[in-house]
$ cat model-v1.csv   # CSV, C-alpha atoms
chain,number,residue,atom,x,y,z
T,37,MET,CA,0.0,0.0,0.0
T,38,GLY,CA,1.6,3.2,-1.2
T,39,VAL,CA,1.2,6.6,-2.8
T,40,THR,CA,2.2,7.9,-6.2
T,41,ARG,CA,1.2,11.4,-5.2
T,42,PHE,CA,0.8,13.1,-1.8
T,43,GLY,CA,-2.5,14.1,-0.3
T,44,GLY,CA,-5.3,12.8,1.9
T,45,PRO,CA,-6.0,9.2,2.9
T,46,GLU,CA,-7.6,8.6,-0.5
T,47,VAL,CA,-4.2,8.7,-2.3
T,48,LEU,CA,-3.3,5.4,-0.6
T,49,GLN,CA,-3.6,2.5,-3.1
T,50,VAL,CA,-2.4,-0.9,-4.0
T,51,VAL,CA,0.9,-0.5,-5.8
T,52,ASP,CA,3.1,-3.1,-7.5
T,53,ILE,CA,6.8,-3.0,-6.7
T,54,ALA,CA,9.6,-5.4,-7.6
T,55,GLU,CA,10.2,-8.3,-5.2
T,56,PRO,CA,13.0,-7.2,-2.9
T,57,VAL,CA,16.1,-9.4,-2.6
T,58,PRO,CA,18.1,-9.2,0.6
T,59,ASP,CA,21.8,-8.2,0.3
T,60,SER,CA,24.5,-9.0,2.8
T,61,GLY,CA,23.5,-8.0,6.3
T,62,GLU,CA,19.8,-7.9,5.4
T,63,VAL,CA,16.7,-10.0,6.2
T,64,ARG,CA,13.5,-10.3,4.1
T,65,ILE,CA,10.3,-10.6,6.1
T,66,ARG,CA,6.9,-11.8,4.9
T,67,VAL,CA,4.8,-9.2,6.6
T,68,HIS,CA,1.6,-10.3,8.4
T,69,ALA,CA,0.9,-7.0,10.2
T,70,ALA,CA,2.0,-3.3,9.9
T,71,THR,CA,1.1,-0.6,12.4
T,72,VAL,CA,-0.2,2.7,11.4
T,73,ASN,CA,1.6,5.6,13.1
T,74,PRO,CA,1.3,9.4,12.8
T,75,THR,CA,4.7,9.4,10.9
T,76,ASP,CA,2.9,7.4,8.2
T,77,THR,CA,0.1,10.0,7.8
T,78,GLY,CA,2.8,12.7,7.5
T,79,LEU,CA,4.6,10.8,4.8
T,80,ARG,CA,1.3,10.2,2.9
T,81,ALA,CA,0.4,13.9,3.1
T,82,GLY,CA,3.8,15.0,1.8
T,83,LEU,CA,5.1,16.7,5.0
T,84,THR,CA,8.3,14.8,4.5
T,85,ALA,CA,8.4,14.8,0.7
T,86,ALA,CA,11.9,16.4,0.6
T,87,ARG,CA,13.3,13.1,2.0
T,88,PHE,CA,12.3,11.3,-1.2
T,89,GLU,CA,14.3,13.6,-3.4
T,90,GLY,CA,15.8,11.6,-6.3
T,91,LEU,CA,13.6,8.5,-5.6
T,92,PRO,CA,10.8,7.6,-7.9
T,93,ALA,CA,7.3,6.9,-6.8
T,94,PRO,CA,5.5,4.8,-5.5
T,95,TYR,CA,6.4,5.7,-1.9
T,96,VAL,CA,5.5,3.1,0.8
T,97,PRO,CA,4.8,4.2,4.4
T,98,GLY,CA,5.2,2.2,7.5
T,99,MET,CA,7.8,2.0,10.3
T,100,ASP,CA,6.6,-1.0,12.3
T,101,ALA,CA,6.1,-4.6,11.0
T,102,ALA,CA,5.7,-8.1,12.2
T,103,GLY,CA,5.8,-11.4,10.2
T,104,VAL,CA,8.1,-14.3,9.5
T,105,VAL,CA,11.6,-14.4,8.2
T,106,ASP,CA,11.4,-15.2,4.5
T,107,ALA,CA,15.0,-15.1,3.4
T,108,ILE,CA,18.4,-14.0,4.7
T,109,GLY,CA,21.0,-12.3,2.7
T,110,PRO,CA,24.4,-13.8,2.0
T,111,ASN,CA,27.1,-13.5,4.7
T,112,THR,CA,24.6,-12.1,7.2
T,113,ASP,CA,25.6,-12.5,10.9
T,114,THR,CA,22.3,-13.2,12.6
T,115,ALA,CA,20.8,-15.9,14.9
T,116,LEU,CA,17.5,-15.5,13.0
T,117,LYS,CA,16.3,-18.4,10.8
T,118,VAL,CA,13.8,-18.6,7.9
T,119,GLY,CA,10.4,-19.1,9.4
T,120,ASP,CA,11.1,-17.3,12.6
T,121,PRO,CA,8.3,-14.9,13.8
T,122,VAL,CA,9.8,-11.4,14.1
T,123,SER,CA,9.2,-7.8,14.8
T,124,ALA,CA,11.0,-5.1,12.8
T,125,ILE,CA,11.5,-1.3,12.7
T,126,VAL,CA,11.5,0.0,9.2
T,127,LEU,CA,12.9,3.2,7.7
T,128,PRO,CA,10.6,4.1,4.7
T,129,TYR,CA,12.7,7.0,3.3
T,130,GLY,CA,14.9,4.9,0.9
T,131,PRO,CA,14.8,2.6,-2.1
T,132,ARG,CA,13.5,-0.3,0.1
T,133,GLY,CA,10.4,1.6,1.2
T,134,GLY,CA,8.3,1.1,4.3
T,135,ALA,CA,6.4,-1.6,6.1
T,136,TYR,CA,3.1,-1.5,4.2
T,137,ALA,CA,4.1,-4.3,1.9
T,138,ASP,CA,3.7,-8.1,1.8
T,139,LEU,CA,7.6,-8.5,1.5
T,140,ILE,CA,10.1,-6.1,3.1
T,141,VAL,CA,13.9,-6.1,3.3
T,142,VAL,CA,15.5,-4.5,6.4
T,143,PRO,CA,18.9,-4.7,8.1
T,144,ALA,CA,19.2,-7.7,10.3
T,145,GLU,CA,20.0,-5.5,13.2
T,146,SER,CA,16.5,-3.9,12.9
T,147,VAL,CA,14.8,-7.3,13.4
T,148,VAL,CA,14.1,-9.1,16.7
T,149,PRO,CA,12.3,-12.3,17.6
T,150,ALA,CA,8.6,-11.5,18.1
T,151,PRO,CA,7.3,-11.6,21.7
T,152,VAL,CA,6.3,-15.2,22.3
T,153,ALA,CA,2.8,-14.5,23.6
T,154,ALA,CA,2.0,-11.9,21.0
T,155,GLY,CA,0.2,-12.5,17.7
T,156,HIS,CA,1.4,-10.7,14.6
T,157,PRO,CA,-0.8,-7.6,15.1
T,158,ALA,CA,0.4,-6.9,18.6
T,159,ALA,CA,4.0,-7.8,17.7
T,160,SER,CA,3.9,-5.0,15.1
T,161,THR,CA,2.9,-2.3,17.5
T,162,PHE,CA,5.9,-1.6,19.8
T,163,LEU,CA,9.3,-1.2,18.4
T,164,MET,CA,9.2,2.3,16.8
T,165,ASN,CA,7.4,4.1,19.6
T,166,ALA,CA,9.0,2.2,22.4
T,167,LEU,CA,12.4,2.9,20.9
T,168,THR,CA,11.5,6.6,20.7
T,169,ALA,CA,10.5,6.6,24.3
T,170,ARG,CA,13.7,4.8,25.3
T,171,LEU,CA,15.9,7.3,23.4
T,172,ALA,CA,14.0,10.2,25.1
T,173,LEU,CA,14.6,8.8,28.5
T,174,ASP,CA,18.2,8.0,27.8
T,175,ASP,CA,18.9,11.5,26.5
T,176,LEU,CA,17.2,13.1,29.5
T,177,ALA,CA,19.3,10.9,31.8
T,178,ILE,CA,17.3,11.4,34.9
T,179,ARG,CA,18.7,9.6,37.9
T,180,ARG,CA,16.7,6.9,39.7
T,181,GLY,CA,14.3,8.6,42.1
T,182,GLY,CA,13.9,11.7,39.9
T,183,THR,CA,10.7,13.1,38.6
T,184,ILE,CA,9.6,13.1,34.9
T,185,ALA,CA,6.5,14.4,33.2
T,186,VAL,CA,5.0,12.8,30.1
T,187,THR,CA,2.5,14.7,27.8
T,188,GLY,CA,0.2,12.7,25.6
T,189,GLY,CA,0.1,10.0,28.2
T,190,ALA,CA,-2.6,7.9,26.5
T,191,GLY,CA,-0.9,7.8,23.2
T,192,ALA,CA,1.6,5.2,22.0
T,193,LEU,CA,4.7,7.2,22.7
T,194,GLY,CA,3.4,8.6,26.0
T,195,GLY,CA,2.2,5.2,27.2
T,196,PHE,CA,5.6,3.6,26.5
T,197,ALA,CA,7.4,6.5,28.1
T,198,ILE,CA,5.3,6.1,31.3
T,199,GLN,CA,6.0,2.4,31.5
T,200,LEU,CA,9.7,2.6,30.8
T,201,ALA,CA,10.2,5.6,33.1
T,202,LYS,CA,8.6,3.6,35.9
T,203,ALA,CA,10.9,0.7,35.1
T,204,ASP,CA,13.8,3.1,35.4
T,205,GLY,CA,12.7,4.0,38.9
T,206,LEU,CA,11.3,7.5,38.2
T,207,PHE,CA,8.3,9.3,39.7
T,208,VAL,CA,5.9,9.9,36.7
T,209,ILE,CA,3.4,12.7,36.2
T,210,ALA,CA,1.4,12.3,33.1
T,211,ASP,CA,-1.5,14.2,31.4
T,212,ALA,CA,-4.7,12.8,30.2
T,213,ALA,CA,-8.2,13.9,29.0
T,214,SER,CA,-10.9,13.0,31.4
T,215,PRO,CA,-11.9,9.7,29.6
T,216,ASP,CA,-8.3,8.6,29.6
T,217,GLU,CA,-7.3,9.3,33.2
T,218,SER,CA,-7.9,5.7,34.4
T,219,LEU,CA,-6.0,4.3,31.4
T,220,VAL,CA,-3.0,6.5,32.1
T,221,ALA,CA,-3.0,5.6,35.8
T,222,GLU,CA,-3.2,1.9,34.8
T,223,LEU,CA,-0.1,2.4,32.6
T,224,GLY,CA,1.7,3.4,35.8
T,225,ALA,CA,1.6,7.1,36.2
T,226,ASP,CA,2.0,8.2,39.8
T,227,GLU,CA,0.0,11.3,39.3
T,228,VAL,CA,-2.4,12.1,36.4
T,229,VAL,CA,-3.2,15.8,35.6
T,230,ARG,CA,-5.8,17.1,33.2
T,231,ARG,CA,-4.4,17.8,29.7
T,232,GLY,CA,-4.5,21.2,28.1
T,233,ASP,CA,-2.5,24.3,27.3
T,234,ASP,CA,-2.1,25.0,31.1
T,235,VAL,CA,-0.7,21.6,31.8
T,236,ALA,CA,2.6,23.1,33.1
T,237,THR,CA,0.8,24.8,35.9
T,238,ARG,CA,-0.9,21.5,36.8
T,239,ILE,CA,2.4,19.7,36.8
T,240,ARG,CA,4.0,22.4,39.0
T,241,ALA,CA,1.2,22.0,41.5
T,242,ILE,CA,2.6,18.6,42.2
T,243,ALA,CA,6.3,19.1,41.5
T,244,ARG,CA,6.7,22.6,42.9
T,245,GLU,CA,10.4,22.9,42.0
T,246,GLY,CA,9.7,21.6,38.5
T,247,VAL,CA,10.3,18.2,37.1
T,248,ASP,CA,13.7,17.0,36.0
T,249,GLY,CA,12.5,16.4,32.5
T,250,VAL,CA,9.6,16.0,30.1
T,251,VAL,CA,8.8,13.6,27.3
T,252,ASP,CA,6.6,15.7,25.2
T,253,GLY,CA,4.4,13.3,23.3
T,254,ALA,CA,1.7,15.9,22.9
T,255,LEU,CA,3.9,18.3,21.0
T,256,LEU,CA,3.2,21.1,23.5
T,257,HIS,CA,6.8,22.5,23.2
T,258,GLU,CA,7.0,26.0,24.8
T,259,LEU,CA,3.7,25.4,26.7
T,260,VAL,CA,5.3,22.7,28.8
T,261,LEU,CA,8.7,24.3,29.3
T,262,PRO,CA,7.5,26.1,32.6
T,263,ALA,CA,7.0,22.6,34.1
T,264,VAL,CA,10.8,21.9,33.9
T,265,ARG,CA,13.1,22.9,36.7
T,266,ASP,CA,16.1,25.1,35.9
T,267,GLY,CA,18.7,23.1,34.1
T,268,GLY,CA,16.3,20.2,33.3
T,269,GLY,CA,15.5,18.7,29.9
T,270,LEU,CA,12.7,18.5,27.4
T,271,ALA,CA,12.6,15.6,24.9
T,272,VAL,CA,10.7,16.4,21.7
T,273,VAL,CA,9.8,14.7,18.5
T,274,ARG,CA,9.2,16.3,15.1
T,275,GLY,CA,12.4,18.4,15.4
T,276,TRP,CA,11.3,21.3,17.5
T,277,GLU,CA,14.5,23.2,18.7
T,278,GLY,CA,13.2,25.9,21.0
T,279,PRO,CA,13.9,28.6,22.0
T,280,SER,CA,14.5,27.3,25.6
T,281,GLU,CA,14.9,29.1,28.9
T,282,ARG,CA,16.5,28.8,32.3
T,283,ASP,CA,19.3,26.5,30.9
T,284,ILE,CA,16.7,23.8,30.0
T,285,ARG,CA,18.2,21.6,27.3
T,286,ILE,CA,16.1,20.6,24.3
T,287,HIS,CA,16.6,17.0,23.2
T,288,PRO,CA,15.3,16.4,19.6
T,289,ILE,CA,14.6,12.6,19.3
T,290,TRP,CA,15.1,10.9,15.9
T,291,VAL,CA,14.3,7.2,16.1
T,292,ARG,CA,16.3,6.5,12.9
T,293,ARG,CA,19.5,7.1,14.8
T,294,ALA,CA,19.0,3.8,16.7
T,295,ALA,CA,17.1,1.7,14.2
T,296,THR,CA,20.0,-0.7,14.0
T,297,ASP,CA,20.8,-0.6,17.7
T,298,GLN,CA,19.9,-4.2,18.2
T,299,ALA,CA,20.8,-4.3,21.9
T,300,ARG,CA,18.2,-1.6,22.6
T,301,LEU,CA,15.6,-3.4,20.4
T,302,ILE,CA,16.2,-6.7,22.1
T,303,ALA,CA,15.9,-5.1,25.5
T,304,LEU,CA,12.5,-3.6,24.5
T,305,ARG,CA,11.4,-6.9,23.2
T,306,ASP,CA,12.4,-8.6,26.5
T,307,GLN,CA,10.5,-5.9,28.4
T,308,THR,CA,7.3,-6.9,26.5
T,309,GLU,CA,7.9,-10.5,27.6
T,310,ALA,CA,8.3,-9.4,31.2
T,311,GLY,CA,5.1,-7.3,31.0
T,312,THR,CA,6.9,-4.0,31.5
T,313,ILE,CA,5.6,-2.8,28.1
T,314,THR,CA,1.9,-3.2,27.3
T,315,LEU,CA,1.0,-3.9,23.7
T,316,ARG,CA,-2.3,-2.2,22.8
T,317,VAL,CA,-4.2,-3.0,19.5
T,318,ALA,CA,-7.1,-0.8,18.8
T,319,ALA,CA,-8.3,-2.4,15.6
T,320,VAL,CA,-7.0,-4.6,12.8
T,321,LEU,CA,-8.1,-3.7,9.2
T,322,PRO,CA,-7.3,-5.5,5.9
T,323,ALA,CA,-4.3,-3.9,4.3
T,324,GLU,CA,-6.5,-2.6,1.4
T,325,GLN,CA,-8.3,-0.4,4.0
T,326,ALA,CA,-5.1,1.6,4.8
T,327,ALA,CA,-7.0,4.8,3.8
T,328,GLU,CA,-9.7,4.1,6.4
T,329,ALA,CA,-7.0,3.4,9.1
T,330,HIS,CA,-5.4,6.7,8.3
T,331,ARG,CA,-8.8,8.5,8.5
T,332,ARG,CA,-9.5,7.0,11.9
T,333,LEU,CA,-6.0,7.9,13.2
T,334,GLU,CA,-6.2,11.5,12.0
T,335,ALA,CA,-9.7,11.9,13.5
T,336,GLY,CA,-8.2,11.4,16.9
T,337,GLY,CA,-9.3,9.5,20.0
T,338,VAL,CA,-7.7,6.1,18.9
T,339,ARG,CA,-6.4,4.4,22.0
T,340,GLY,CA,-4.0,1.6,21.0
T,341,ARG,CA,-2.7,1.0,17.6
T,342,MET,CA,-4.4,0.7,14.2
T,343,VAL,CA,-2.9,-2.3,12.5
T,344,LEU,CA,-3.0,-3.4,8.8
T,345,ASP,CA,-3.4,-7.1,8.1
T,346,PHE,CA,-1.1,-8.3,5.3
T,347,SER,CA,-1.5,-12.0,6.1
T,348,ARG,CA,-3.8,-12.5,3.1
T,349,ALA,CA,-1.3,-10.9,0.6

$ encode --input "model-v1.csv" --output "structure tokens"
Amino acid sequence: MGVTRFGGPEVLQVVDIAEPVPDSGEVRIRVHAATVNPTDTGLRAGLTAARFEGLPAPYVPGMDAAGVVDAIGPNTDTALKVGDPVSAIVLPYGPRGGAYADLIVVPAESVVPAPVAAGHPAASTFLMNALTARLALDDLAIRRGGTIAVTGGAGALGGFAIQLAKADGLFVIADAASPDESLVAELGADEVVRRGDDVATRIRAIAREGVDGVVDGALLHELVLPAVRDGGGLAVVRGWEGPSERDIRIHPIWVRRAATDQARLIALRDQTEAGTITLRVAAVLPAEQAAEAHRRLEAGGVRGRMVLDFSRA
């Protein structure tokens, strides 16, 4: 499922591409499930069109996939075997394309054994967002016992950030709309505050000296800066760079920098096995209904992940 032109969900269509052949260091996966993420809707809409410069259409979205190993490239150092169920993080801005395909080729280091108890839909939902949360926490480097705030607590990034922060021994304050407060508490937040443009004031009512850092899953940027103590940190996605204040460091998080960091990926996979990370599937749609999945995601209110089923491909 890809696009030959950028636009609304309707531009997604079935496209034919050449069967990919894995080179040295690569693995081919027969995809059974691909998760729909906000990064996919941005690709489809053309918000990142510049990254395809020099590459011909069609362009295939998707950064999360699960399926089985179909082939392994020559001279590839991996413990994976043909037939193994796996999860993979995929970088769509290149000649290989993204995860919305029945066959994909990715670096072996971007592939991990799927969580044993998870089916393909659930196994496709965690690597990209959990890795983003892990990178944010690592960049903030808050010591055990410190305090962190998470915005967008009910979302995929926010939910993983809450759970991983708790596993790191941090006190977590997270925001939520009224219907999501119980969900965010169940994810492990120690304190839940009402979401909104004044969330920094609500956070400061609990952490009066300010929190050590914020994972800003809700893209609040300057609105949440007042919640951070002097010299703290703000981890952001989508490349926001400030301006900052009070010696607060801005940490732009780009998941692609660690897409082949297999040690981190394996650790996240193991945390799903241990129950530290919760896999949440909102709905599974046939791959041909990718446009509908994008519409639902962009309409808002989806809790858990929209997943495309490629098992019939």

$ residues_around --input "model-v1.csv" --residues "range 271-276 of chain T" --least-positions-apart "2" --cutoff "8 Å" --atoms "all atoms listed in the file" --output "PyMOL selection string"
chain T and resi 172-173+175-176+249-253+255+257+269+278+286-290

$ closest_atom_pairs --input "model-v1.csv" --of "range 39-101 of chain T" --to "range 314-320 of chain T" --cutoff "12 Å" --atoms "all atoms listed in the file" --output "tab-separated table"
residue	atom	partner	partner_atom	distance
T:His68	CA	T:Val320	CA	11.2
T:Ala69	CA	T:Val320	CA	8.7
T:Ala70	CA	T:Val320	CA	9.5
T:Thr71	CA	T:Val320	CA	9.0
T:Val72	CA	T:Val320	CA	10.1

$ residues_around --input "model-v1.csv" --residues "range 130-137 of chain T" --least-positions-apart "5" --cutoff "9 Å" --atoms "all atoms listed in the file" --output "PDB file with C-alpha atoms, keeping the file's coordinate frame"
ATOM      1  CA  MET T  37       0.000   0.000   0.000  1.00  0.00           C
ATOM      2  CA  GLY T  38       1.600   3.200  -1.200  1.00  0.00           C
ATOM      3  CA  PRO T  56      13.000  -7.200  -2.900  1.00  0.00           C
ATOM      4  CA  ARG T  66       6.900 -11.800   4.900  1.00  0.00           C
ATOM      5  CA  VAL T  67       4.800  -9.200   6.600  1.00  0.00           C
ATOM      6  CA  ALA T  69       0.900  -7.000  10.200  1.00  0.00           C
ATOM      7  CA  ALA T  70       2.000  -3.300   9.900  1.00  0.00           C
ATOM      8  CA  THR T  71       1.100  -0.600  12.400  1.00  0.00           C
ATOM      9  CA  VAL T  72      -0.200   2.700  11.400  1.00  0.00           C
ATOM     10  CA  ARG T  87      13.300  13.100   2.000  1.00  0.00           C
ATOM     11  CA  PHE T  88      12.300  11.300  -1.200  1.00  0.00           C
ATOM     12  CA  LEU T  91      13.600   8.500  -5.600  1.00  0.00           C
ATOM     13  CA  PRO T  92      10.800   7.600  -7.900  1.00  0.00           C
ATOM     14  CA  PRO T  94       5.500   4.800  -5.500  1.00  0.00           C
ATOM     15  CA  TYR T  95       6.400   5.700  -1.900  1.00  0.00           C
ATOM     16  CA  VAL T  96       5.500   3.100   0.800  1.00  0.00           C
ATOM     17  CA  PRO T  97       4.800   4.200   4.400  1.00  0.00           C
ATOM     18  CA  GLY T  98       5.200   2.200   7.500  1.00  0.00           C
ATOM     19  CA  MET T  99       7.800   2.000  10.300  1.00  0.00           C
ATOM     20  CA  ASP T 100       6.600  -1.000  12.300  1.00  0.00           C
ATOM     21  CA  ALA T 101       6.100  -4.600  11.000  1.00  0.00           C
ATOM     22  CA  ALA T 102       5.700  -8.100  12.200  1.00  0.00           C
ATOM     23  CA  ALA T 124      11.000  -5.100  12.800  1.00  0.00           C
ATOM     24  CA  ILE T 125      11.500  -1.300  12.700  1.00  0.00           C
ATOM     25  CA  VAL T 142      15.500  -4.500   6.400  1.00  0.00           C
ATOM     26  CA  ALA T 323      -4.300  -3.900   4.300  1.00  0.00           C
ATOM     27  CA  ALA T 326      -5.100   1.600   4.800  1.00  0.00           C
ATOM     28  CA  LEU T 344      -3.000  -3.400   8.800  1.00  0.00           C
ATOM     29  CA  PHE T 346      -1.100  -8.300   5.300  1.00  0.00           C
ATOM     30  CA  ALA T 349      -1.300 -10.900   0.600  1.00  0.00           C
TER      31      ALA T 349
END

$ closest_residue --input "model-v1.csv" --among "T:Ser123, T:Thr237, T:Thr308, T:Gln199" --to "His156 in chain T" --atoms "all atoms listed in the file"
T:Ser123

$ residues_around --input "model-v1.csv" --residues "Gln298 in chain T" --least-positions-apart "3" --cutoff "6 Å" --atoms "all atoms listed in the file" --output "MDAnalysis selection string"
chainID T and resid 145 301:302

$ write_last_selection --input "model-v1.csv" --atoms "C-alpha atoms" --output "tab-separated table (two decimals), in the coordinates of the input"
chain	number	residue	atom	x	y	z
T	145	GLU	CA	20.00	-5.50	13.20
T	301	LEU	CA	15.60	-3.40	20.40
T	302	ILE	CA	16.20	-6.70	22.10

$ closest_residue --input "model-v1.csv" --among "T:Ile140, T:Val208, T:Leu321, T:Ile184" --to "Val264 in chain T" --atoms "only C-alpha atoms"
T:Ile184

$ atom_distance --input "model-v1.csv" --atom1 "CA of Val148 in chain T" --atom2 "CA of Leu79 in chain T"
25.1 Å

$ residues_around --input "model-v1.csv" --residues "Ala201 in chain T" --least-positions-apart "4" --cutoff "12 Å" --atoms "only C-alpha atoms" --output "VMD selection string"
chain T and resid 166 169 to 174 176 to 186 193 to 197 205 to 210 223 to 226 249 to 251 312 to 313

$ write_last_selection --input "model-v1.csv" --atoms "C-alpha atoms" --output "PDB file, keeping the file's coordinate frame"
ATOM      1  CA  ALA T 166       9.000   2.200  22.400  1.00  0.00           C
ATOM      2  CA  ALA T 169      10.500   6.600  24.300  1.00  0.00           C
ATOM      3  CA  ARG T 170      13.700   4.800  25.300  1.00  0.00           C
ATOM      4  CA  LEU T 171      15.900   7.300  23.400  1.00  0.00           C
ATOM      5  CA  ALA T 172      14.000  10.200  25.100  1.00  0.00           C
ATOM      6  CA  LEU T 173      14.600   8.800  28.500  1.00  0.00           C
ATOM      7  CA  ASP T 174      18.200   8.000  27.800  1.00  0.00           C
ATOM      8  CA  LEU T 176      17.200  13.100  29.500  1.00  0.00           C
ATOM      9  CA  ALA T 177      19.300  10.900  31.800  1.00  0.00           C
ATOM     10  CA  ILE T 178      17.300  11.400  34.900  1.00  0.00           C
ATOM     11  CA  ARG T 179      18.700   9.600  37.900  1.00  0.00           C
ATOM     12  CA  ARG T 180      16.700   6.900  39.700  1.00  0.00           C
ATOM     13  CA  GLY T 181      14.300   8.600  42.100  1.00  0.00           C
ATOM     14  CA  GLY T 182      13.900  11.700  39.900  1.00  0.00           C
ATOM     15  CA  THR T 183      10.700  13.100  38.600  1.00  0.00           C
ATOM     16  CA  ILE T 184       9.600  13.100  34.900  1.00  0.00           C
ATOM     17  CA  ALA T 185       6.500  14.400  33.200  1.00  0.00           C
ATOM     18  CA  VAL T 186       5.000  12.800  30.100  1.00  0.00           C
ATOM     19  CA  LEU T 193       4.700   7.200  22.700  1.00  0.00           C
ATOM     20  CA  GLY T 194       3.400   8.600  26.000  1.00  0.00           C
ATOM     21  CA  GLY T 195       2.200   5.200  27.200  1.00  0.00           C
ATOM     22  CA  PHE T 196       5.600   3.600  26.500  1.00  0.00           C
ATOM     23  CA  ALA T 197       7.400   6.500  28.100  1.00  0.00           C
ATOM     24  CA  GLY T 205      12.700   4.000  38.900  1.00  0.00           C
ATOM     25  CA  LEU T 206      11.300   7.500  38.200  1.00  0.00           C
ATOM     26  CA  PHE T 207       8.300   9.300  39.700  1.00  0.00           C
ATOM     27  CA  VAL T 208       5.900   9.900  36.700  1.00  0.00           C
ATOM     28  CA  ILE T 209       3.400  12.700  36.200  1.00  0.00           C
ATOM     29  CA  ALA T 210       1.400  12.300  33.100  1.00  0.00           C
ATOM     30  CA  LEU T 223      -0.100   2.400  32.600  1.00  0.00           C
ATOM     31  CA  GLY T 224       1.700   3.400  35.800  1.00  0.00           C
ATOM     32  CA  ALA T 225       1.600   7.100  36.200  1.00  0.00           C
ATOM     33  CA  ASP T 226       2.000   8.200  39.800  1.00  0.00           C
ATOM     34  CA  GLY T 249      12.500  16.400  32.500  1.00  0.00           C
ATOM     35  CA  VAL T 250       9.600  16.000  30.100  1.00  0.00           C
ATOM     36  CA  VAL T 251       8.800  13.600  27.300  1.00  0.00           C
ATOM     37  CA  THR T 312       6.900  -4.000  31.500  1.00  0.00           C
ATOM     38  CA  ILE T 313       5.600  -2.800  28.100  1.00  0.00           C
TER      39      ILE T 313
END
